[in-house]
Amino acid sequence: MVEQRKALDVQASGLMIVLCMIWGIQQVVLKLAAADISPIMQIAIRSGLSALLVLPLIQLKPGTHLYSREYLLPGIWLAFLFSAEFILVAEALRYTTTSHTVVLLYTAPIFVALGLHWKLPAEKLNLIQWVGILIAFSGIVLSFMGREQQSGELLQQALWGDFLALMAGVIWALTTISLRLTRLSDAHPTQTLFYQLVGGCVFLLPVAFLLGQTEIHWTAVAISSMVFHVFIMSFFSLMLWFWLLRKYLANSLGVFSFLTPIFGMIFGVVFLQEQIELNFILGTTLVLVGVMTVSLNGWIKRILQIGKSKSAI
């Protein structure tokens, strides 16, 4: 018997806010510990250790095993994309602020919508969604502008970091699209997560060595960062997310994800004393409005239909 998923309640809303705070602060924690352990090395180590924690929790469909060919090959591809995304995030944090990184990373739903529009007839974008995409891209352009306090090489580095963060969002979208279009869409989330975590360790460790980013100083900050990323970010938050997906309606939960970049900006200001430009605030607002318009298209259409019905009465 399939378990009926519930509408959002106070418990789920509170847990989603906690999750968005965890997801929003992860880039800040990466940057705080960057002087002692590079972000790429942090992600590589956390992925390997988290994979060991997830392994006993993996649920497989009857008649399949973890290394079934139909799942393994897409799993390797997914792991590669997961690693590429975090390489871009790690490099973006070297050049730009965490605020810019987290906001541009969370443009991913826009690129998911564009990709699925191209690949799946059932996912064709309607007029409301195209308007949302236009708004979001206007926000992206605006967020790249308005760095009056920077010039010359610093400005070039900041813009390069912004570009890397945006490309990380594109890769994240490609990961989501790949998951949707492969056999992994039928697999349990813990199996998919395991492939990503193992791949994150296997692919990112050599990259860290190639880039000369393997030096580690086990300070209190570095240890705290690893504890946070292994136990809270990569294990607790994702297990809680999967539990919520099994209990509650996914669309209702997804609405809260738009809080993540906002928390990321707030934590960047509080913990890293980052300066946020007015253009970036306006651009972020447009990006979030655009992403919400695309993602909540069904809800918006229902509201408009209700409004038309009331007008007719």
# chains A, B, ... in the order shown; residues from 1 in each chain; ligands from 1

$ select_by_dssp --residues "range 62-303 of chain A" --states "alpha helix (DSSP H)" --output "VMD selection string"
chain A and resid 69 to 95 98 to 105 108 to 119 127 to 143 152 to 181 189 to 210 220 to 227 238 to 247 250 to 256 259 to 272 278 to 295 297 to 303

$ residues_around --residues "Ser13 in chain A" --least-positions-apart "5" --cutoff "12 Å" --atoms "only C-alpha atoms" --output "VMD selection string"
chain A and resid 7 to 8 18 to 20 241 244 248 to 249 252 to 257 259

$ closest_atom_pairs --of "range 15-130 of chain A" --to "range 174-182 of chain A" --cutoff "7 Å" --atoms "only C-alpha atoms" --output "tab-separated table"
residue	atom	partner	partner_atom	distance
A:Pro74	CA	A:Thr182	CA	6.6
A:Leu78	CA	A:Thr175	CA	6.1
A:Leu81	CA	A:Thr175	CA	5.9
A:Phe82	CA	A:Thr175	CA	6.9
A:Val112	CA	A:Ile177	CA	6.2
A:Gly115	CA	A:Ile177	CA	6.9
A:Leu116	CA	A:Ile177	CA	6.8

$ atom_distance --atom1 "CA of Val294 in chain A" --atom2 "CA of Thr107 in chain A"
11.0 Å

$ closest_residue --among "A:Pro189, A:Pro62, A:Pro109, A:Pro261" --to "Thr293 in chain A" --atoms "only C-alpha atoms"
A:Pro109

$ closest_residue --among "A:Ile133, A:Ala51, A:Ile266, A:Val198" --to "Gln27 in chain A" --atoms "only C-alpha atoms"
A:Ile266

$ residues_around --residues "Ser138 in chain A" --least-positions-apart "4" --cutoff "9 Å" --atoms "only C-alpha atoms" --output "list in words"
Ile133, Leu134, Leu142, Ser143, Gly283, Leu286, Val287 and Gly290 of chain A

$ closest_residue --among "A:Ile140, A:Leu193, A:Leu127, A:Leu120" --to "Ser234 in chain A" --atoms "only C-alpha atoms"
A:Leu193

$ residues_around --residues "range 206-218 of chain A" --least-positions-apart "3" --cutoff "10 Å" --atoms "only C-alpha atoms" --output "MDAnalysis selection string"
chainID A and resid 33:42 44 83 87 201:203 221:224 226

$ residues_around --residues "range 153-158 of chain A" --least-positions-apart "4" --cutoff "7 Å" --atoms "only C-alpha atoms" --output "ChimeraX atom specification"
/A:95-96,162

$ residues_around --residues "Met265 in chain A" --least-positions-apart "4" --cutoff "9 Å" --atoms "only C-alpha atoms" --output "list in words"
Gly24, Ile25, Thr98, Ser99, His100, Val102, Val103, Thr260, Pro261, Val269, Val270, Glu274 and Ile276 of chain A

$ atom_distance --atom1 "CA of Met21 in chain A" --atom2 "CA of Ala173 in chain A"
21.3 Å

$ residues_around --residues "Gln59 in chain A" --least-positions-apart "4" --cutoff "12 Å" --atoms "only C-alpha atoms" --output "list in words"
Val54, Leu55, Gly63, Thr64, His65, Leu66, Asp186, Ala187, His188, Pro189, Thr190, Gln191, Thr192, Leu193 and Phe194 of chain A

$ write_last_selection --atoms "C-alpha atoms" --output "short mmCIF file (atom, residue, chain, number, x, y, z; two decimals), in the first residue's frame"
data_model
loop_
_atom_site.label_atom_id
_atom_site.label_comp_id
_atom_site.auth_asym_id
_atom_site.auth_seq_id
_atom_site.Cartn_x
_atom_site.Cartn_y
_atom_site.Cartn_z
CA VAL A 54 24.93 6.22 4.17
CA LEU A 55 25.99 2.71 3.06
CA GLY A 63 16.23 -8.31 -7.58
CA THR A 64 18.82 -5.54 -7.90
CA HIS A 65 22.15 -4.84 -6.26
CA LEU A 66 24.21 -1.69 -5.75
CA ASP A 186 13.48 4.60 -10.18
CA ALA A 187 16.16 4.01 -7.52
CA HIS A 188 15.79 4.86 -3.84
CA PRO A 189 17.29 8.29 -2.97
CA THR A 190 19.84 6.71 -0.62
CA GLN A 191 21.26 4.70 -3.53
CA THR A 192 21.58 7.85 -5.66
CA LEU A 193 23.14 9.75 -2.76
CA PHE A 194 25.68 6.97 -2.24
#

$ closest_residue --among "A:Val230, A:Glu91, A:Thr97, A:Gln11" --to "Phe271 in chain A" --atoms "only C-alpha atoms"
A:Thr97

$ atom_distance --atom1 "CA of Arg183 in chain A" --atom2 "CA of Ala84 in chain A"
21.2 Å
